[in-house]
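Data file: model.txt. Format and content: compact mmCIF, C-alpha atoms and all ligand atoms.
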```
# COMPACT_ATOMS: atom_id res chain seq x y z
CA MET A 12 -49.41 18.95 -42.68
CA THR A 13 -48.84 20.61 -39.30
CA GLU A 14 -49.44 17.31 -37.51
CA ASP A 15 -46.57 15.78 -39.43
CA GLU A 16 -44.41 18.75 -38.56
CA ILE A 17 -45.14 18.28 -34.87
CA GLU A 18 -44.46 14.55 -35.08
CA GLU A 19 -41.14 15.27 -36.81
CA ILE A 20 -40.12 17.77 -34.11
CA LYS A 21 -40.97 15.27 -31.39
CA LYS A 22 -38.88 12.53 -32.95
CA LYS A 23 -35.87 14.79 -33.36
CA ALA A 24 -36.15 16.12 -29.84
CA ILE A 25 -36.36 12.65 -28.30
CA PHE A 26 -33.35 11.52 -30.31
CA GLU A 27 -31.25 14.51 -29.25
CA ILE A 28 -32.26 14.19 -25.61
CA ALA A 29 -31.28 10.52 -25.55
CA ASN A 30 -27.90 11.44 -26.96
CA ALA A 31 -27.18 14.41 -24.71
CA LEU A 32 -23.95 13.90 -22.76
CA ASN A 33 -24.39 16.53 -20.07
CA ARG A 34 -26.72 19.10 -18.61
CA LYS A 35 -25.42 21.83 -20.86
CA ASP A 36 -26.52 19.81 -23.89
CA LEU A 37 -29.93 19.34 -22.33
CA GLU A 38 -30.25 23.06 -21.67
CA GLU A 39 -29.51 23.78 -25.32
CA ILE A 40 -32.05 21.22 -26.48
CA LYS A 41 -34.64 22.70 -24.18
CA ILE A 42 -34.12 26.17 -25.63
CA GLU A 43 -34.14 24.86 -29.18
CA TYR A 44 -37.47 23.02 -28.83
CA LEU A 45 -39.33 24.79 -26.12
CA GLY A 46 -37.94 28.31 -26.30
CA ARG A 47 -40.43 31.12 -26.76
CA LYS A 48 -39.72 31.81 -30.38
CA LYS A 49 -38.72 28.27 -31.28
CA ARG A 50 -40.31 25.28 -32.96
CA LEU A 51 -43.38 24.26 -30.94
CA ASN A 52 -44.25 27.71 -29.64
CA GLU A 53 -43.90 29.00 -33.16
CA ILE A 54 -46.53 26.44 -34.27
CA ILE A 55 -48.80 27.42 -31.41
CA ARG A 56 -48.46 31.07 -32.40
CA ARG A 57 -49.48 30.19 -35.95
CA ILE A 58 -52.61 28.29 -34.87
CA LYS A 59 -54.72 31.39 -35.41
CA ASP A 60 -53.89 31.21 -39.11
CA LEU A 61 -55.31 27.70 -39.42
CA PRO A 62 -58.87 26.87 -40.50
CA ILE A 63 -61.06 27.13 -37.42
CA ASP A 64 -61.92 23.41 -37.27
CA LYS A 65 -58.26 22.36 -37.19
CA ARG A 66 -57.22 24.71 -34.39
CA PRO A 67 -58.24 22.62 -31.31
CA LEU A 68 -56.58 19.50 -32.64
CA ILE A 69 -53.25 21.13 -33.45
CA GLY A 70 -53.33 23.09 -30.21
CA GLN A 71 -53.82 19.90 -28.18
CA LEU A 72 -51.19 18.03 -30.11
CA ALA A 73 -48.61 20.81 -29.74
CA ASN A 74 -49.20 21.10 -26.00
CA LYS A 75 -49.08 17.34 -25.54
CA THR A 76 -45.78 17.19 -27.41
CA LYS A 77 -44.38 20.02 -25.29
CA ARG A 78 -45.23 18.08 -22.15
CA GLU A 79 -43.67 14.93 -23.55
CA ILE A 80 -40.47 16.72 -24.43
CA GLU A 81 -40.35 18.26 -20.97
CA GLU A 82 -40.78 14.85 -19.41
CA GLN A 83 -38.03 13.39 -21.54
CA LEU A 84 -35.73 16.25 -20.58
CA LYS A 85 -36.37 15.62 -16.90
CA ARG A 86 -35.87 11.90 -17.25
CA ARG A 87 -32.55 12.32 -19.07
CA GLU A 88 -31.40 14.91 -16.55
CA LYS A 89 -31.77 12.35 -13.79
CA GLU A 90 -29.61 9.90 -15.69
CA LEU A 91 -26.74 12.33 -16.18
CA PRO A 92 -24.12 13.01 -13.50
CA PRO A 93 -24.76 16.21 -11.55
CA SER A 94 -23.11 19.07 -13.39
CA ARG A 95 -20.65 19.80 -10.58
CA TYR A 96 -18.94 16.55 -11.60
CA LYS A 97 -17.19 17.37 -14.80
CA LEU A 98 -16.63 14.53 -17.21
CA PRO A 99 -13.05 13.37 -16.61
CA SER A 100 -10.77 15.10 -19.07
CA ILE A 101 -8.07 12.99 -20.66
CA ASP A 102 -4.41 13.99 -20.43
CA VAL A 103 -2.89 12.26 -23.44
CA THR A 104 0.64 12.99 -22.19
CA MET A 105 0.20 10.80 -19.09
CA PRO A 106 2.18 7.55 -19.16
CA PRO A 107 0.01 4.43 -19.14
CA ALA A 108 -0.40 2.71 -15.77
CA HIS A 109 1.50 -0.44 -16.63
CA LEU A 110 2.15 -2.09 -19.95
CA PRO A 111 3.97 -5.40 -19.70
CA TYR A 112 6.51 -4.97 -22.49
CA GLY A 113 8.08 -7.99 -24.09
CA ARG A 114 11.82 -8.04 -24.60
CA ILE A 115 14.33 -9.55 -26.92
CA HIS A 116 16.09 -12.46 -25.22
CA PRO A 117 19.59 -11.51 -23.95
CA ILE A 118 21.19 -14.16 -26.17
CA THR A 119 19.43 -12.81 -29.24
CA GLN A 120 20.41 -9.28 -28.23
CA MET A 121 24.05 -10.32 -27.88
CA SER A 122 23.96 -12.24 -31.13
CA ASN A 123 22.45 -9.24 -32.96
CA GLN A 124 25.08 -6.96 -31.47
CA ILE A 125 27.88 -9.25 -32.68
CA ILE A 126 26.40 -9.58 -36.16
CA ASP A 127 25.89 -5.82 -36.38
CA VAL A 128 29.60 -5.17 -35.95
CA PHE A 129 30.51 -7.63 -38.70
CA ILE A 130 27.88 -6.22 -41.05
CA ARG A 131 29.55 -2.83 -40.65
CA LEU A 132 32.85 -4.53 -41.50
CA GLY A 133 31.35 -5.77 -44.77
CA PHE A 134 30.38 -9.33 -43.80
CA GLU A 135 27.20 -11.04 -44.94
CA ILE A 136 24.94 -13.17 -42.69
CA VAL A 137 24.26 -16.76 -43.67
CA GLU A 138 22.75 -19.71 -41.84
CA GLY A 139 23.03 -23.46 -42.04
CA PRO A 140 21.15 -26.52 -40.77
CA GLU A 141 21.32 -27.67 -37.16
CA VAL A 142 20.99 -31.29 -38.28
CA GLU A 143 24.22 -31.87 -40.15
CA TYR A 144 26.25 -34.53 -41.89
CA SER A 145 29.11 -35.85 -39.86
CA SER A 146 31.30 -35.32 -42.91
CA TYR A 147 30.63 -31.56 -42.86
CA ASN A 148 30.74 -31.24 -39.09
CA PHE A 149 34.05 -33.16 -38.84
CA ASP A 150 35.81 -34.64 -41.90
CA ALA A 151 35.72 -31.67 -44.24
CA LEU A 152 36.99 -29.52 -41.38
CA ASN A 153 39.98 -31.80 -41.05
CA ILE A 154 38.75 -33.22 -37.75
CA LEU A 155 40.01 -36.77 -38.23
CA PRO A 156 38.08 -39.83 -37.04
CA ASP A 157 40.15 -40.26 -33.86
CA HIS A 158 39.77 -36.64 -32.81
CA PRO A 159 38.41 -36.29 -29.26
CA ALA A 160 35.63 -33.96 -30.47
CA ARG A 161 34.02 -36.99 -32.09
CA ASP A 162 33.62 -38.76 -28.80
CA MET A 163 30.04 -39.86 -28.15
CA HIS A 164 30.14 -37.77 -25.00
CA ASP A 165 30.31 -34.59 -27.03
CA THR A 166 28.05 -35.29 -29.95
CA PHE A 167 24.36 -36.03 -30.30
CA TYR A 168 24.06 -38.51 -33.15
CA ILE A 169 20.76 -38.77 -34.96
CA GLU A 170 21.24 -41.98 -36.89
CA ASP A 171 23.38 -44.48 -35.13
CA SER A 172 23.85 -46.73 -38.20
CA GLU A 173 27.21 -45.30 -39.13
CA GLY A 174 27.02 -42.06 -37.26
CA GLU A 175 26.39 -40.09 -40.42
CA VAL A 176 23.92 -37.50 -39.20
CA LEU A 177 24.21 -35.47 -36.03
CA LEU A 178 23.27 -32.25 -34.32
CA ARG A 179 26.07 -29.92 -35.32
CA THR A 180 28.58 -29.40 -32.51
CA HIS A 181 29.70 -26.04 -33.90
CA THR A 182 28.81 -23.57 -36.67
CA SER A 183 32.00 -24.34 -38.59
CA PRO A 184 30.33 -26.82 -41.01
CA VAL A 185 28.51 -23.83 -42.54
CA GLN A 186 31.96 -22.71 -43.77
CA ILE A 187 32.08 -25.93 -45.79
CA ARG A 188 28.55 -25.55 -47.16
CA ILE A 189 29.16 -21.99 -48.29
CA MET A 190 32.59 -22.66 -49.82
CA LYS A 191 31.23 -25.66 -51.73
CA GLU A 192 28.57 -23.44 -53.28
CA HIS A 193 30.39 -20.16 -53.80
CA LYS A 194 33.72 -18.98 -55.14
CA PRO A 195 35.79 -16.38 -53.27
CA PRO A 196 35.83 -13.58 -52.32
CA LEU A 197 33.74 -14.54 -49.29
CA ARG A 198 33.00 -12.64 -46.11
CA ILE A 199 30.37 -14.33 -43.99
CA VAL A 200 29.14 -14.52 -40.42
CA VAL A 201 27.02 -17.45 -39.32
CA PRO A 202 24.91 -17.19 -36.17
CA GLY A 203 23.18 -20.30 -34.90
CA LYS A 204 22.44 -22.99 -32.36
CA VAL A 205 24.89 -25.82 -31.67
CA TYR A 206 24.60 -28.94 -29.52
CA ARG A 207 26.92 -30.87 -27.21
CA ARG A 208 26.36 -33.53 -24.60
CA ASP A 209 27.28 -31.34 -21.70
CA ALA A 210 25.30 -29.76 -18.89
CA ASP A 211 26.47 -27.87 -15.80
CA ILE A 212 26.62 -24.26 -14.63
CA SER A 213 28.87 -23.27 -17.52
CA HIS A 214 27.70 -25.72 -20.22
CA SER A 215 24.33 -26.14 -21.82
CA PRO A 216 23.46 -28.98 -24.25
CA MET A 217 22.26 -26.31 -26.67
CA PHE A 218 24.08 -23.03 -27.02
CA HIS A 219 24.78 -20.36 -29.64
CA GLN A 220 27.82 -19.59 -31.72
CA VAL A 221 28.79 -17.03 -34.31
CA GLU A 222 31.17 -18.25 -36.98
CA GLY A 223 33.14 -16.02 -39.30
CA LEU A 224 34.94 -16.71 -42.56
CA LEU A 225 36.83 -14.49 -44.97
CA VAL A 226 38.45 -15.87 -48.12
CA ASP A 227 40.22 -13.93 -50.86
CA ASN A 228 43.43 -13.92 -52.90
CA GLU A 229 45.47 -11.92 -50.46
CA VAL A 230 44.56 -12.38 -46.81
CA SER A 231 47.08 -12.19 -44.00
CA PHE A 232 47.19 -12.88 -40.30
CA ALA A 233 47.28 -9.09 -39.87
CA ASP A 234 43.82 -8.92 -41.46
CA LEU A 235 42.55 -11.46 -38.95
CA LYS A 236 44.02 -9.44 -36.08
CA GLY A 237 42.64 -6.19 -37.46
CA VAL A 238 39.09 -7.50 -37.84
CA LEU A 239 38.97 -9.28 -34.47
CA ASN A 240 40.51 -6.31 -32.65
CA ALA A 241 37.93 -3.99 -34.21
CA PHE A 242 35.17 -6.38 -33.24
CA LEU A 243 36.26 -6.81 -29.61
CA HIS A 244 36.71 -3.09 -29.12
CA GLU A 245 33.14 -2.55 -30.29
CA ILE A 246 31.74 -5.06 -27.81
CA PHE A 247 34.08 -4.41 -24.86
CA LYS A 248 34.99 -0.73 -25.18
CA GLY A 249 38.65 0.03 -24.64
CA VAL A 250 39.55 -3.50 -23.53
CA GLU A 251 43.05 -4.98 -23.81
CA VAL A 252 43.19 -7.90 -26.30
CA ARG A 253 45.77 -10.68 -26.60
CA PHE A 254 46.36 -13.36 -29.24
CA ARG A 255 47.69 -16.67 -27.94
CA PRO A 256 48.92 -19.59 -30.10
CA SER A 257 46.51 -22.51 -30.08
CA PHE A 258 45.34 -25.42 -32.19
CA PHE A 259 42.27 -26.16 -34.28
CA PRO A 260 42.26 -28.89 -36.95
CA PHE A 261 40.75 -26.51 -39.52
CA THR A 262 43.09 -23.54 -39.08
CA GLU A 263 46.84 -23.15 -39.29
CA PRO A 264 48.21 -21.19 -37.54
CA SER A 265 45.48 -21.05 -34.89
CA VAL A 266 44.96 -18.63 -32.04
CA GLU A 267 42.81 -18.14 -29.05
CA VAL A 268 41.89 -14.56 -28.35
CA ASP A 269 41.68 -13.27 -24.78
CA ILE A 270 40.56 -10.00 -23.27
CA ARG A 271 41.58 -8.49 -19.93
CA CYS A 272 39.34 -9.92 -17.23
CA THR A 273 36.22 -7.76 -17.08
CA VAL A 274 35.70 -8.71 -13.43
CA CYS A 275 39.08 -8.05 -11.76
CA GLY A 276 40.75 -5.90 -14.44
CA GLY A 277 43.75 -8.24 -14.59
CA THR A 278 44.77 -8.77 -10.97
CA GLY A 279 43.38 -12.30 -10.95
CA CYS A 280 40.05 -13.59 -9.66
CA ARG A 281 37.74 -16.59 -9.62
CA VAL A 282 36.24 -15.77 -13.03
CA CYS A 283 39.60 -15.60 -14.86
CA LYS A 284 40.98 -18.36 -12.65
CA GLY A 285 43.76 -16.09 -11.48
CA THR A 286 45.18 -15.48 -14.96
CA GLY A 287 43.85 -11.94 -15.45
CA TRP A 288 42.62 -12.92 -18.94
CA LEU A 289 39.35 -14.26 -20.36
CA GLU A 290 39.27 -16.48 -23.39
CA ILE A 291 36.82 -15.01 -25.87
CA LEU A 292 37.13 -16.76 -29.21
CA GLY A 293 39.04 -19.19 -31.41
CA ALA A 294 40.43 -18.22 -34.80
CA GLY A 295 43.10 -18.87 -37.38
CA MET A 296 44.13 -18.94 -41.03
CA VAL A 297 42.05 -21.48 -42.96
CA ASP A 298 43.99 -24.74 -43.24
CA PRO A 299 44.92 -25.67 -46.86
CA GLU A 300 43.36 -29.09 -46.21
CA VAL A 301 39.97 -27.44 -45.72
CA PHE A 302 40.33 -25.55 -49.00
CA LYS A 303 41.13 -28.81 -50.77
CA ASN A 304 38.04 -30.44 -49.23
CA VAL A 305 35.76 -27.82 -50.79
CA GLY A 306 37.49 -27.75 -54.16
CA TYR A 307 39.49 -24.52 -53.72
CA ASP A 308 43.12 -24.51 -54.84
CA PRO A 309 45.14 -23.55 -51.72
CA GLU A 310 47.66 -21.91 -54.04
CA ASP A 311 45.01 -19.42 -55.16
CA TYR A 312 43.32 -18.50 -51.92
CA LEU A 313 43.97 -17.51 -48.35
CA GLY A 314 41.48 -16.95 -45.60
CA PHE A 315 40.81 -16.61 -41.94
CA ALA A 316 38.05 -18.00 -39.76
CA PHE A 317 36.83 -17.51 -36.22
CA GLY A 318 34.20 -18.87 -33.90
CA LEU A 319 32.79 -17.64 -30.62
CA GLY A 320 30.21 -18.65 -28.05
CA VAL A 321 27.38 -16.16 -27.62
CA GLU A 322 26.42 -17.32 -24.09
CA ARG A 323 30.01 -16.98 -22.96
CA LEU A 324 30.26 -13.45 -24.34
CA CYS A 325 26.97 -12.52 -22.70
CA ILE A 326 28.07 -14.04 -19.39
CA LEU A 327 31.33 -12.07 -19.42
CA LYS A 328 29.67 -8.85 -20.51
CA HIS A 329 26.98 -8.93 -17.83
CA GLY A 330 28.74 -10.87 -15.05
CA ILE A 331 26.26 -13.78 -15.08
CA ASP A 332 27.33 -16.84 -13.11
CA ASP A 333 25.06 -19.63 -14.41
CA ILE A 334 24.42 -20.39 -18.10
CA ARG A 335 21.14 -22.13 -17.23
CA LEU A 336 19.58 -18.76 -16.41
CA PHE A 337 19.36 -18.09 -20.15
CA PHE A 338 17.07 -21.07 -20.71
CA GLU A 339 14.84 -21.16 -17.65
CA ASN A 340 12.62 -18.30 -18.86
CA ASP A 341 12.44 -16.75 -15.40
CA LEU A 342 11.02 -13.27 -16.00
CA ARG A 343 12.90 -11.89 -12.98
CA PHE A 344 16.08 -12.63 -14.92
CA LEU A 345 14.88 -11.75 -18.44
CA ASP A 346 13.33 -8.47 -17.27
CA GLN A 347 16.80 -7.12 -16.53
CA PHE A 348 17.88 -6.93 -20.17
N1 LIG A 401 34.43 -24.39 -34.07
C1 LIG A 401 35.22 -24.09 -32.91
C2 LIG A 401 34.48 -24.59 -31.68
O1 LIG A 401 33.34 -24.83 -31.74
C3 LIG A 401 35.44 -22.61 -32.80
C4 LIG A 401 36.34 -22.10 -33.86
C5 LIG A 401 37.68 -21.99 -33.63
C6 LIG A 401 35.83 -21.72 -35.08
C7 LIG A 401 38.55 -21.51 -34.59
C8 LIG A 401 36.67 -21.25 -36.08
C9 LIG A 401 38.06 -21.15 -35.80
O2 LIG A 401 36.23 -20.89 -37.27
O3 LIG A 401 38.87 -20.70 -36.77
O4 LIG A 401 35.07 -24.73 -30.66
```
Take the structure in the file and give it back as structure tokens.
Amino acid sequence: MTEDEIEEIKKKAIFEIANALNRKDLEEIKIEYLGRKKRLNEIIRRIKDLPIDKRPLIGQLANKTKREIEEQLKRREKELPPSRYKLPSIDVTMPPAHLPYGRIHPITQMSNQIIDVFIRLGFEIVEGPEVEYSSYNFDALNILPDHPARDMHDTFYIEDSEGEVLLRTHTSPVQIRIMKEHKPPLRIVVPGKVYRRDADISHSPMFHQVEGLLVDNEVSFADLKGVLNAFLHEIFKGVEVRFRPSFFPFTEPSVEVDIRCTVCGGTGCRVCKGTGWLEILGAGMVDPEVFKNVGYDPEDYLGFAFGLGVERLCILKHGIDDIRLFFENDLRFLDQF
């Protein structure tokens, strides 16, 4: 009975010693097991109550165990750092040394910012395919077969049989897809990639556009101006905006929208080519021909549309001078956004 007790004490002591983290722990263990009125000494004190023939055995065992525990304590003490070295305390408020954060690509950031404004204006986001029918990319948008935009130099065709499938050259075909499937009222914005056979410091064969379309019974040119003004003032705070007559096959009347040059403030510079203005987007009232192509009666509906290049907006907002920087994945560039 007492032998088992001693064995049990020994096991516990060895376990606790092995798990002690510092000298203070060891000191406490020492007192607990070897202290005058504690465990082993208590057993030794009770030896006199045992039958006479058992006394020597228990006495020897208790003393042997005491020595073993002492040895273990000494051994563990050597393993632990000297007590004058405190364990390092952890300051959880310290910033980490260096965490390499990822970032959202500047084009995605710009695109999100643009979309955000239109969501607040009540528009819905939709997307369309990058591989598109020529009929949606061109014909349905009233871009007739001899239009220069159809030139092989601009378009990547996928099937050369009759040039039916291509990489969309703009996001406008999504207008057609949505109008074919839904009846007005419509308020959509379409972000996405577009492709043109073009590559230099201001053109990339793949770039991003955001398209907008609003169709309802009563829509005026004033609505178009109101929405685009609100949008541009969100992106370029307090900037001066101008609407200039232009032409697109799918809108009539059409405009190009300019803002005061963000670089020179209007006095004329290299970026605005001396004009003091920067062209920002194309827009217009949806051409009745387009409505007919999607099965809407132009007598019933009016609408406006717009399209803008995300890279261009980003370039003008941040004063970037080479579009290729967006696609080279150089961290020295990307880290700045
Ligand atoms: N799709 C035209 C382009 O890629 C941009 C554009 C202009 C879109 C006028 C429109 C618009 O919806 O009304 O150059």
Practice problem: Find, counting all atoms listed in the file, the residue in A:Gly203, A:Pro106, A:Gly279, A:Pro111 that gets nearest to A:Gln220. | Solution: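 Checking each candidate against A:Gln220, we get A:Gly203 as the closest.
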Quiz prompt | Residue contacts of A:Gly320 (12 Å, all atoms listed in the file) excluding same-chain residues fewer than 4 positions away, as an MDAnalysis selection string | solution = chainID A and resid 118 121:122 125 180:182 201:206 213:215 217:223 290:293 324:327 334
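Note that the spacing between atom CA of A:Phe261 and atom CA of A:Pro196 amounts to 18.8 Å.
Neighbours of ligand LIG 401 (chain A) at a cut-off of 6 Å, computed so that only C-alpha atoms and all ligand atoms are counted, are the residues His181, Ser183, Glu222, Phe259, Thr262, Gly293, Ala294, Gly295, Ala316, Phe317 and Gly318 of chain A.
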Practice problem: Just the residues within 9 Å of stretch 43-57 of chain A, please, counting all atoms listed in the file, with nothing from its chain fewer than 4 positions along; format it as a list of chain:residue names. | Solution: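 In the requested format, the answer is A:Thr13, A:Ile17, A:Ile20, A:Lys21, A:Ala24, A:Glu38, A:Glu39, A:Leu61, A:Ile69, A:Gly70, A:Ala73, A:Asn74, A:Thr76, A:Lys77, A:Ile80, A:Glu81.
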Quiz item: For A:Leu345, which residue out of A:Pro140, A:Ile58, A:Ala108, A:Arg114 is the nearest one, using all atoms listed in the file?
Solution: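 Of A:Pro140, A:Ile58, A:Ala108, A:Arg114, the one nearest A:Leu345, counting all atoms listed in the file, is A:Arg114.
We find atom CA of A:Thr286 and atom CA of A:Gly237 to be spaced 24.5 Å apart.
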Quiz item: Looking at A:Lys23, A:Lys85, A:Val200, A:Ser257, which one is nearest to A:Ile126, with distances taken over only C-alpha atoms?
Solution: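 Closest candidate: A:Val200.
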Self-check item: Selected residue of minimal separation from A:Lys236 among A:Ser146, A:Leu110, A:Pro299, A:Phe315, counting all atoms listed in the file
Solution: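 So, comparing all the options, the nearest one is A:Phe315.
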